[in-house]
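Novice: Provided herewith: start.txt, compact mmCIF, C-alpha atoms.
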```txt
# COMPACT_ATOMS: atom_id res chain seq x y z
CA MET A 15 -33.45 1.87 -4.19
CA ILE A 16 -30.31 0.98 -2.22
CA LEU A 17 -28.29 3.37 -4.35
CA PHE A 18 -30.84 6.16 -3.80
CA PHE A 19 -30.55 5.90 -0.01
CA TYR A 20 -26.76 5.63 -0.27
CA ASN A 21 -26.58 8.84 -2.29
CA LEU A 22 -29.03 10.56 0.04
CA ALA A 23 -26.87 9.60 3.03
CA LEU A 24 -23.80 10.78 1.13
CA VAL A 25 -25.31 14.20 0.46
CA VAL A 26 -26.39 14.59 4.10
CA ALA A 27 -22.92 13.59 5.30
CA LEU A 28 -21.25 16.05 2.91
CA ILE A 29 -23.48 18.91 4.02
CA ALA A 30 -23.10 18.11 7.71
CA GLY A 31 -19.36 17.69 7.39
CA ALA A 32 -18.79 20.70 5.12
CA PRO A 33 -17.38 22.99 7.86
CA TRP A 34 -14.86 20.33 8.90
CA TRP A 35 -13.82 19.62 5.31
CA LEU A 36 -13.46 23.33 4.51
CA TRP A 37 -11.32 23.82 7.60
CA LYS A 38 -9.13 20.82 6.68
CA MET A 39 -8.71 22.07 3.11
CA ALA A 40 -7.75 25.52 4.37
CA THR A 41 -5.17 24.20 6.83
CA THR A 42 -3.84 20.96 5.34
CA HIS A 43 -2.39 20.58 1.84
CA LYS A 44 -3.25 16.90 1.44
CA TYR A 45 -6.98 17.70 1.59
CA ARG A 46 -6.62 20.20 -1.26
CA ALA A 47 -4.43 18.01 -3.45
CA GLY A 48 -6.29 16.94 -6.59
CA LEU A 49 -9.57 18.41 -5.37
CA PHE A 50 -10.90 19.38 -8.80
CA GLU A 51 -9.90 16.00 -10.25
CA ARG A 52 -11.76 14.29 -7.40
CA LEU A 53 -14.84 16.36 -8.21
CA GLY A 54 -14.92 15.22 -11.82
CA ARG A 55 -12.61 17.50 -13.79
CA VAL A 56 -10.82 14.98 -16.02
CA PRO A 57 -7.20 16.03 -16.69
CA GLU A 58 -6.56 16.93 -20.31
CA ARG A 59 -3.53 14.62 -20.35
CA LEU A 60 -5.83 11.59 -20.11
CA LYS A 61 -8.31 12.50 -22.83
CA PRO A 62 -6.33 11.94 -26.06
CA ALA A 63 -5.34 8.42 -25.12
CA ALA A 64 -8.81 7.64 -23.87
CA THR A 65 -10.56 8.81 -27.02
CA ASN A 66 -8.07 7.29 -29.45
CA GLY A 67 -9.70 4.15 -30.78
CA ARG A 68 -6.33 2.50 -31.22
CA SER A 69 -5.58 2.78 -27.48
CA PRO A 70 -8.50 1.44 -25.45
CA ALA A 71 -8.08 1.93 -21.72
CA ILE A 72 -7.96 -0.31 -18.69
CA TRP A 73 -8.66 1.75 -15.56
CA LEU A 74 -6.76 0.41 -12.55
CA HIS A 75 -7.47 1.90 -9.11
CA ALA A 76 -4.85 1.58 -6.36
CA VAL A 77 -5.62 3.55 -3.20
CA SER A 78 -2.24 4.45 -1.73
CA VAL A 79 1.47 3.67 -1.70
CA GLY A 80 1.13 0.01 -0.73
CA GLU A 81 -1.39 -0.75 -3.46
CA VAL A 82 0.58 1.20 -6.08
CA LEU A 83 3.71 -0.81 -5.28
CA ALA A 84 1.73 -4.05 -5.27
CA VAL A 85 0.31 -3.53 -8.78
CA SER A 86 3.52 -2.17 -10.32
CA ARG A 87 4.68 -5.46 -11.83
CA MET A 88 1.13 -6.26 -12.92
CA VAL A 89 0.95 -2.97 -14.85
CA GLU A 90 4.23 -3.79 -16.62
CA GLN A 91 3.06 -7.29 -17.54
CA LEU A 92 -0.35 -6.08 -18.70
CA GLU A 93 1.32 -3.64 -21.05
CA ARG A 94 3.64 -6.31 -22.43
CA GLY A 95 0.88 -8.88 -22.80
CA LEU A 96 -1.83 -6.48 -23.99
CA PRO A 97 0.00 -3.84 -26.03
CA GLU A 98 -3.22 -2.65 -27.65
CA PHE A 99 -4.43 -1.37 -24.25
CA ARG A 100 -3.23 1.57 -22.19
CA VAL A 101 -3.38 1.19 -18.42
CA LEU A 102 -4.55 4.33 -16.61
CA ILE A 103 -3.94 4.41 -12.86
CA SER A 104 -5.91 6.28 -10.21
CA THR A 105 -5.06 6.73 -6.54
CA THR A 106 -6.83 8.21 -3.54
CA THR A 107 -3.97 9.55 -1.42
CA ARG A 108 -1.41 12.22 -2.23
CA THR A 109 1.53 9.94 -1.39
CA GLY A 110 0.07 7.22 -3.61
CA GLN A 111 -0.25 9.80 -6.40
CA GLU A 112 3.40 10.82 -6.04
CA ILE A 113 4.68 7.24 -6.18
CA ALA A 114 2.39 6.34 -9.10
CA ARG A 115 3.49 9.35 -11.14
CA ARG A 116 7.11 8.49 -10.47
CA ARG A 117 6.62 4.84 -11.47
CA PHE A 118 4.21 5.10 -14.38
CA GLY A 119 4.56 8.68 -15.63
CA PRO A 120 2.20 11.59 -14.86
CA GLU A 121 0.48 11.38 -18.24
CA ARG A 122 -1.63 8.40 -17.16
CA VAL A 123 -2.02 8.85 -13.40
CA PHE A 124 -4.90 10.74 -11.80
CA TYR A 125 -6.87 11.12 -8.57
CA CYS A 126 -9.85 8.80 -8.32
CA PRO A 127 -13.12 10.76 -8.37
CA LEU A 128 -15.19 10.95 -5.23
CA ASP A 129 -18.07 8.47 -5.33
CA LEU A 130 -20.50 11.13 -6.51
CA PRO A 131 -22.63 10.30 -9.57
CA PHE A 132 -21.58 13.34 -11.61
CA ALA A 133 -17.85 12.89 -10.84
CA VAL A 134 -17.86 9.18 -11.68
CA ARG A 135 -19.87 9.81 -14.85
CA ALA A 136 -17.36 12.42 -16.05
CA TYR A 137 -14.47 9.96 -15.86
CA LEU A 138 -16.33 7.08 -17.45
CA ASN A 139 -17.45 9.36 -20.30
CA ALA A 140 -13.89 10.57 -20.91
CA LEU A 141 -11.91 7.37 -20.36
CA ARG A 142 -14.41 4.87 -21.77
CA PRO A 143 -12.53 2.00 -20.11
CA HIS A 144 -12.87 -1.53 -21.42
CA MET A 145 -12.37 -2.76 -17.85
CA LEU A 146 -12.13 -1.43 -14.30
CA VAL A 147 -9.59 -3.20 -12.09
CA LEU A 148 -9.77 -2.53 -8.35
CA ALA A 149 -6.82 -3.29 -6.08
CA GLU A 150 -7.91 -4.90 -2.79
CA THR A 151 -11.49 -3.97 -1.77
CA GLU A 152 -12.19 -0.49 -3.10
CA PHE A 153 -15.91 -1.02 -3.52
CA TRP A 154 -17.73 2.25 -4.25
CA PRO A 155 -21.45 1.92 -5.08
CA ASN A 156 -21.74 4.71 -7.66
CA LEU A 157 -18.56 3.68 -9.47
CA LEU A 158 -19.66 0.05 -9.56
CA SER A 159 -23.27 0.72 -10.56
CA GLN A 160 -22.30 3.05 -13.41
CA CYS A 161 -19.80 0.52 -14.73
CA PHE A 162 -22.45 -2.20 -14.61
CA ARG A 163 -24.94 0.00 -16.49
CA ARG A 164 -22.40 0.59 -19.26
CA GLY A 165 -21.41 -3.07 -19.48
CA ILE A 166 -17.88 -2.39 -18.23
CA PRO A 167 -16.54 -5.54 -16.54
CA VAL A 168 -15.15 -5.00 -13.04
CA THR A 169 -12.34 -7.14 -11.66
CA THR A 170 -10.80 -7.07 -8.19
CA VAL A 171 -7.18 -8.13 -7.69
CA ASN A 172 -5.41 -8.74 -4.37
CA ALA A 173 -8.87 -8.82 -2.83
CA ARG A 174 -9.10 -9.11 0.92
CA ILE A 175 -11.46 -8.50 3.81
CA SER A 176 -9.39 -7.74 6.91
CA ASP A 177 -10.31 -9.02 10.37
CA ARG A 178 -11.14 -5.46 11.38
CA SER A 179 -13.40 -4.85 8.35
CA TRP A 180 -15.11 -8.24 8.32
CA PRO A 181 -17.75 -7.59 11.04
CA ARG A 182 -18.78 -4.33 9.34
CA TYR A 183 -19.04 -5.95 5.90
CA ARG A 184 -20.99 -8.88 7.35
CA ARG A 185 -23.53 -6.57 9.01
CA LEU A 186 -24.05 -4.77 5.67
CA ARG A 187 -23.99 -7.85 3.43
CA CYS A 188 -27.54 -7.12 2.17
CA PHE A 189 -26.26 -3.74 0.98
CA TRP A 190 -23.17 -5.19 -0.71
CA ARG A 191 -24.69 -8.30 -2.31
CA PRO A 192 -26.25 -6.53 -5.36
CA TYR A 193 -22.85 -5.02 -6.19
CA LEU A 194 -20.49 -7.88 -5.40
CA SER A 195 -22.68 -10.41 -7.22
CA ARG A 196 -21.97 -8.54 -10.48
CA LEU A 197 -18.17 -8.50 -10.24
CA ARG A 198 -16.75 -10.46 -13.16
CA ARG A 199 -13.58 -11.73 -11.48
CA VAL A 200 -12.49 -11.63 -7.85
CA LEU A 201 -8.88 -12.68 -7.27
CA ALA A 202 -8.45 -13.10 -3.53
CA GLN A 203 -5.26 -13.06 -1.49
CA SER A 204 -6.12 -16.14 0.59
CA GLU A 205 -8.72 -18.86 1.15
CA THR A 206 -10.06 -16.88 4.12
CA ASP A 207 -10.54 -13.79 1.97
CA ALA A 208 -12.23 -15.84 -0.75
CA ALA A 209 -14.65 -17.39 1.78
CA ARG A 210 -15.55 -13.96 3.17
CA LEU A 211 -16.15 -12.51 -0.29
CA LEU A 212 -18.39 -15.46 -1.19
CA ALA A 213 -20.36 -14.89 2.02
CA LEU A 214 -20.88 -11.26 1.01
CA GLY A 215 -22.42 -12.22 -2.34
CA CYS A 216 -19.66 -12.79 -4.90
CA ARG A 217 -20.51 -15.57 -7.33
CA PRO A 218 -18.54 -18.81 -6.72
CA GLU A 219 -17.56 -19.17 -10.38
CA CYS A 220 -16.00 -15.69 -10.31
CA VAL A 221 -13.89 -16.10 -7.16
CA SER A 222 -10.44 -17.69 -7.02
CA VAL A 223 -7.33 -17.44 -4.87
CA ALA A 224 -4.47 -15.80 -6.78
CA GLY A 225 -2.22 -14.97 -3.82
CA ASN A 226 -0.82 -11.68 -2.59
CA LEU A 227 0.61 -9.31 -5.21
CA LYS A 228 2.88 -7.85 -2.52
CA PHE A 229 4.96 -11.04 -2.59
CA ASP A 230 5.86 -10.10 -6.18
CA VAL A 231 7.08 -6.60 -5.36
CA ARG A 232 10.82 -6.29 -5.90
CA ALA A 233 11.85 -2.95 -4.46
CA PRO A 234 15.09 -1.49 -5.85
CA GLN A 235 17.88 -2.00 -3.35
CA GLU A 236 19.80 1.10 -4.43
CA ASN A 237 18.64 4.63 -3.76
CA GLU A 238 20.26 7.79 -2.46
CA ALA A 239 19.45 7.02 1.19
CA VAL A 240 21.05 3.58 0.87
CA ARG A 241 24.17 5.05 -0.73
CA LEU A 242 24.50 7.66 2.02
CA LEU A 243 24.00 5.14 4.82
CA ARG A 244 26.51 2.78 3.26
CA SER A 245 29.19 5.44 2.68
CA GLN A 246 28.64 7.71 5.68
CA GLY A 247 27.68 4.98 8.13
CA ARG A 248 30.51 2.59 7.34
CA GLY A 249 31.10 0.23 10.27
CA LEU A 250 27.73 0.94 11.88
CA ARG A 251 24.87 -1.51 12.29
CA LEU A 252 21.33 -0.27 11.69
CA VAL A 253 17.96 -0.70 13.31
CA VAL A 254 15.42 0.30 10.64
CA ALA A 255 12.01 1.23 12.05
CA GLY A 256 9.60 1.68 9.15
CA SER A 257 6.03 2.89 8.68
CA THR A 258 5.73 4.04 12.29
CA LEU A 259 2.60 5.67 13.65
CA GLU A 260 2.00 8.07 16.51
CA GLY A 261 3.18 6.58 19.79
CA GLU A 262 5.58 4.14 18.17
CA GLU A 263 8.37 6.69 17.68
CA ALA A 264 8.15 7.50 21.40
CA ALA A 265 8.36 3.78 22.23
CA LEU A 266 11.44 3.37 20.02
CA LEU A 267 13.13 6.43 21.54
CA GLU A 268 12.38 5.04 25.00
CA ALA A 269 14.04 1.76 24.02
CA TRP A 270 17.00 3.43 22.29
CA PRO A 271 19.34 3.79 25.35
CA ARG A 272 19.10 0.04 26.02
CA LEU A 273 19.80 -0.72 22.37
CA ARG A 274 22.84 1.59 22.33
CA ASP A 275 24.17 -0.06 25.50
CA ALA A 276 23.83 -3.46 23.81
CA ASP A 277 25.77 -2.36 20.71
CA ALA A 278 27.98 0.71 20.71
CA GLN A 279 28.15 0.73 16.89
CA LEU A 280 24.43 1.08 16.39
CA ALA A 281 22.38 3.74 14.58
CA MET A 282 18.66 3.92 13.87
CA VAL A 283 16.66 4.89 10.80
CA LEU A 284 13.20 6.12 11.79
CA ALA A 285 10.63 6.30 8.98
CA PRO A 286 7.17 7.65 9.91
CA ARG A 287 4.34 6.31 7.80
CA HIS A 288 2.69 9.65 6.99
CA PRO A 289 4.59 12.63 5.57
CA GLU A 290 2.40 15.11 7.42
CA ARG A 291 3.91 13.79 10.68
CA PHE A 292 7.55 14.37 9.68
CA ALA A 293 7.72 17.73 11.49
CA ALA A 294 6.11 16.36 14.67
CA VAL A 295 8.46 13.37 14.76
CA ALA A 296 11.44 15.66 14.12
CA ALA A 297 10.42 17.73 17.17
CA LEU A 298 10.07 14.53 19.21
CA VAL A 299 13.55 13.32 18.25
CA GLU A 300 15.00 16.77 18.91
CA ARG A 301 13.56 16.73 22.46
CA SER A 302 15.04 13.29 23.09
CA GLY A 303 18.55 14.71 23.11
CA PHE A 304 19.97 11.98 20.87
CA PRO A 305 22.16 13.00 17.91
CA TRP A 306 20.02 12.99 14.79
CA LEU A 307 19.61 14.30 11.27
CA ARG A 308 17.01 14.58 8.58
CA ARG A 309 17.51 12.44 5.48
CA SER A 310 16.17 15.33 3.32
CA GLU A 311 19.03 17.55 4.54
CA TRP A 312 21.75 14.89 4.51
CA THR A 313 24.35 14.92 1.73
CA ALA A 314 27.68 13.26 1.08
CA VAL A 315 29.50 16.34 2.46
CA SER A 316 27.59 16.31 5.76
CA GLY A 317 30.19 14.08 7.40
CA PRO A 318 30.04 10.52 8.74
CA LEU A 319 27.09 9.22 10.73
CA GLU A 320 27.82 9.02 14.45
CA PRO A 321 27.26 5.85 16.47
CA SER A 322 23.92 6.04 18.34
CA ALA A 323 22.60 8.65 15.85
CA ILE A 324 19.06 8.63 14.51
CA VAL A 325 18.28 9.30 10.86
CA LEU A 326 14.76 10.60 10.29
CA LEU A 327 13.76 9.24 6.89
CA ASP A 328 11.57 12.16 5.83
CA THR A 329 11.44 11.17 2.16
CA ILE A 330 9.04 9.04 0.14
CA GLY A 331 9.97 5.83 -1.65
CA GLU A 332 13.34 5.10 -0.01
CA LEU A 333 12.33 2.94 2.95
CA ALA A 334 12.13 -0.40 1.14
CA GLY A 335 15.72 -0.13 -0.10
CA VAL A 336 16.96 0.98 3.34
CA TYR A 337 15.62 -2.27 4.81
CA SER A 338 18.38 -4.03 2.86
CA LEU A 339 20.91 -2.55 5.32
CA ALA A 340 19.02 -3.52 8.49
CA SER A 341 20.64 -5.62 11.18
CA ALA A 342 17.15 -5.60 12.71
CA ALA A 343 13.91 -4.23 11.25
CA PHE A 344 10.81 -3.08 13.07
CA VAL A 345 7.58 -2.82 11.04
CA GLY A 346 5.29 -0.16 12.46
CA GLY A 347 1.56 0.33 12.74
CA SER A 348 1.63 -2.74 14.96
CA LEU A 349 2.34 -1.74 18.57
CA PHE A 350 -1.15 -0.23 18.82
CA PRO A 351 -4.45 -1.36 17.20
CA ALA A 352 -3.90 0.12 13.74
CA GLY A 353 -3.75 -3.06 11.65
CA GLY A 354 0.00 -3.17 11.01
CA HIS A 355 2.04 -2.55 7.87
CA ASN A 356 3.77 -4.72 5.32
CA PRO A 357 6.56 -7.00 6.65
CA LEU A 358 7.36 -8.16 3.12
CA GLU A 359 9.43 -5.03 2.45
CA PRO A 360 12.21 -6.16 4.85
CA ALA A 361 11.57 -9.86 4.15
CA GLN A 362 12.59 -9.54 0.50
CA PHE A 363 16.08 -8.45 1.63
CA GLY A 364 16.46 -11.14 4.29
CA ALA A 365 16.28 -8.73 7.23
CA PRO A 366 15.36 -10.14 10.66
CA ILE A 367 11.94 -8.66 11.45
CA ALA A 368 10.11 -7.65 14.61
CA MET A 369 6.66 -6.13 14.83
CA GLY A 370 3.96 -5.55 17.40
CA PRO A 371 0.93 -7.76 18.08
CA HIS A 372 -1.54 -5.77 15.95
CA TYR A 373 -1.26 -6.92 12.33
CA ALA A 374 -4.84 -7.62 11.22
CA ASN A 375 -4.33 -5.89 7.85
CA PHE A 376 -1.51 -8.32 6.99
CA ARG A 377 -2.62 -11.41 8.88
CA SER A 378 -1.99 -13.96 6.12
CA VAL A 379 1.48 -12.52 5.41
CA VAL A 380 2.47 -12.42 9.09
CA GLU A 381 1.17 -15.93 9.69
CA ALA A 382 3.16 -17.24 6.72
CA LEU A 383 6.33 -15.68 8.15
CA ARG A 384 5.61 -16.84 11.70
CA ALA A 385 4.98 -20.39 10.49
CA HIS A 386 8.60 -20.43 9.26
CA GLU A 387 9.97 -18.67 12.38
CA ALA A 388 10.86 -15.72 10.18
CA LEU A 389 9.34 -12.93 12.28
CA ARG A 390 9.20 -11.99 15.98
CA ILE A 391 6.14 -10.47 17.65
CA ALA A 392 6.81 -8.10 20.55
CA GLU A 393 4.57 -6.16 22.90
CA LYS A 394 5.57 -2.56 23.56
CA SER A 395 7.12 -3.58 26.89
CA ASP A 396 9.21 -6.29 25.18
CA LEU A 397 10.31 -4.29 22.14
CA ALA A 398 13.78 -3.37 23.41
CA ALA A 399 14.53 -6.92 24.59
CA THR A 400 13.37 -8.43 21.28
CA LEU A 401 15.51 -6.09 19.18
CA ILE A 402 18.53 -6.61 21.47
CA GLU A 403 18.18 -10.37 21.06
CA LEU A 404 18.17 -10.01 17.26
CA LEU A 405 21.22 -7.73 17.39
CA ARG A 406 23.26 -9.89 19.77
CA ASP A 407 22.71 -13.33 18.23
CA ARG A 408 23.88 -12.52 14.72
CA ALA A 409 23.87 -16.09 13.44
CA ALA A 410 20.27 -16.65 14.57
CA ALA A 411 19.20 -13.30 13.15
CA GLU A 412 20.80 -14.05 9.78
CA ALA A 413 19.11 -17.46 9.67
CA MET A 414 15.78 -15.83 10.53
CA GLY A 415 16.25 -13.27 7.76
CA ALA A 416 17.11 -16.04 5.29
CA ARG A 417 13.86 -17.82 6.18
CA ALA A 418 11.92 -14.58 5.64
CA LYS A 419 13.43 -14.21 2.18
CA GLN A 420 12.63 -17.83 1.39
CA VAL A 421 8.97 -17.30 2.34
CA PHE A 422 8.90 -14.17 0.19
CA ASP A 423 10.33 -16.01 -2.83
CA GLN A 424 8.10 -19.08 -2.43
CA GLN A 425 4.88 -17.07 -2.26
CA ALA A 426 5.49 -15.23 -5.55
CA GLY A 427 3.32 -15.72 -8.64
CA ALA A 428 0.15 -13.74 -7.94
CA THR A 429 1.02 -11.20 -10.64
CA VAL A 430 1.07 -13.81 -13.41
CA ARG A 431 -2.22 -15.31 -12.23
CA CYS A 432 -3.92 -11.89 -12.12
CA VAL A 433 -2.64 -10.89 -15.56
CA GLU A 434 -3.83 -14.15 -17.09
CA ALA A 435 -7.27 -13.73 -15.52
CA ILE A 436 -7.60 -10.18 -16.84
CA ARG A 437 -6.42 -11.21 -20.31
CA ALA A 438 -8.90 -14.11 -20.41
CA LEU A 439 -11.77 -11.86 -19.38
CA LEU A 440 -10.89 -9.27 -22.03
CA VAL A 441 -10.77 -12.00 -24.68
CA THR A 442 -14.17 -13.32 -23.52
CA GLU A 443 -15.66 -9.81 -23.63
CA ALA A 444 -14.26 -9.16 -27.11
CA ALA A 445 -15.69 -12.45 -28.40
CA ALA A 446 -19.12 -11.63 -26.93
CA GLU A 447 -19.12 -8.26 -28.73
CA ARG A 448 -18.40 -9.76 -32.17
CA PRO A 449 -21.44 -10.29 -34.38
CA ALA A 450 -22.37 -13.93 -34.85
```
Taking this structure as input, can you express it in the form of structure tokens?
Specialist:
Amino acid sequence: MILFFYNLALVVALIAGAPWWLWKMATTHKYRAGLFERLGRVPERLKPAATNGRSPAIWLHAVSVGEVLAVSRMVEQLERGLPEFRVLISTTTRTGQEIARRRFGPERVFYCPLDLPFAVRAYLNALRPHMLVLAETEFWPNLLSQCFRRGIPVTTVNARISDRSWPRYRRLRCFWRPYLSRLRRVLAQSETDAARLLALGCRPECVSVAGNLKFDVRAPQENEAVRLLRSQGRGLRLVVAGSTLEGEEAALLEAWPRLRDADAQLAMVLAPRHPERFAAVAALVERSGFPWLRRSEWTAVSGPLEPSAIVLLDTIGELAGVYSLASAAFVGGSLFPAGGHNPLEPAQFGAPIAMGPHYANFRSVVEALRAHEALRIAEKSDLAATLIELLRDRAAAEAMGARAKQVFDQQAGATVRCVEAIRALLVTEAAAERPA
């Protein structure tokens, strides 16, 4: 009955929102990307592996870039530890799709179907997965219910309920309980997340704390942007502002004259979170009057980077490595109430980190760093002063960065725990299927 009303509400919402969606698809590429796959057309490249009895599938769903990066090592270890299985990876966003195809190969990456019964059914019929693994809390009623009907075990890794989402989940706990009570394993990021998931209906024997997979991500330090900054920006110090959202670029540009006055050999790398905003941010930087260039147009023959210049990092997948060059790093999505982004990317390279006061999506990570004095929180009005302090007191900044790296290294291990849990569940399922 719950599922009936959910699907009824879904149909009404789709009909009511059809004009808006059609307009978005006509004007914005990201809304068209993978549309037919989302509606249930299973790519031919997935079918042979899915129907080959010698290569049973594990379907792993990772929403966007952050989740794809978080599960990367887990995918590698699953394939080493379970060579008889093939891991197929779905994403929701276009940027997540691009990173996943680059990391895992396009032959096993696809867009997750919309949570419509016919679309979900098409993928389950074609892939016939032995297990569905969800990264974080991608709970979709039709996907879950159809897996349960077919006896496909569902596991959640890196599970969390953010502070922002918790009130909404709690209000709807009667809706979620029938679904969450049937999850076979729930591997939570923290004790708080585990407690919230139990309150929503997960069974106590199925819930455990495995830690945060993002502590196990080891981003490659070398990429083309890093090589260019190192060769063309020799002698310069860098402020790297990553994953910025609307309003944050303006705040950084407002602070930039004070930062330049504090260090004449300073340049800034500005990396907006969403590719569709690259053009708007480029226009904003152009209006500022500061010297600047686009990373996508920058080559080794473009000449050296000027002091006080701004590099707009309008590429995907290079930011994490660029953090390794940062004299000070700012992690965006945090000056305004947007939940924040991942401070572990600069922490793994020992960069001194600043971010704004809004970090609900990464609360446990931020609190772990703050507990070791490995991260500074700054309001918008204090951002320039905080970054200047990190730039001026080099010894203190280096010590702070070293503590951040130590926290990153000490928190590792979630990947191994998740892989072992998945392997144990697959073994249990196989034993249950054998005739007595």
Novice: What does the distance between CA of Ala323 (chain A) and CA of Phe304 (chain A) come to in Å, to one decimal place?
Specialist: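 We find that CA of Ala323 (chain A) and CA of Phe304 (chain A) lie 6.6 Å from each other.
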Novice: From the list A:Ala140, A:Leu197, A:Ile324, A:Ile330, which residue is nearest Thr109 (chain A) when using only C-alpha atoms?
Specialist: A:Ile330
Novice: Show which residues sit within 12 Å of region 187-190 of chain A, as a PyMOL selection string. Count all atoms listed in the file, and ignore same-chain residues fewer than 6 positions away.
Specialist: chain A and resi 15-20+151+153-155+158-159+180-181+196-197+210-216
Novice: What's the 10 Å shell around Ala382 (chain A), counting only C-alpha atoms, without same-chain residues fewer than 6 positions away, as number ranges by chain?
Specialist: A: 388-389, 418, 421-422, 425
Novice: Name the residues in contact with Gln91 (chain A) at a cut-off of 9 Å, using all atoms listed in the file, excluding same-chain residues fewer than 5 positions from it; report them as a list in words.
Specialist: Ser86, Leu96, Thr429, Val430 and Val433 of chain A
Novice: Give me the residues near region 48-57 of chain A as JSON, numbers by chain, where near means some atom within 8 Å (using all atoms listed in the file) and where sequence neighbours in that chain fewer than 2 positions away do not count.
Specialist: {"A": [45, 46, 59, 60, 61, 124, 125, 126, 127, 128, 130, 132, 133, 134, 135, 136, 137, 140]}
Novice: Distance CA of Gly354 (chain A)-CA of His372 (chain A), one decimal place?
Specialist: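 That distance, rounded to one decimal, is 5.8 Å.
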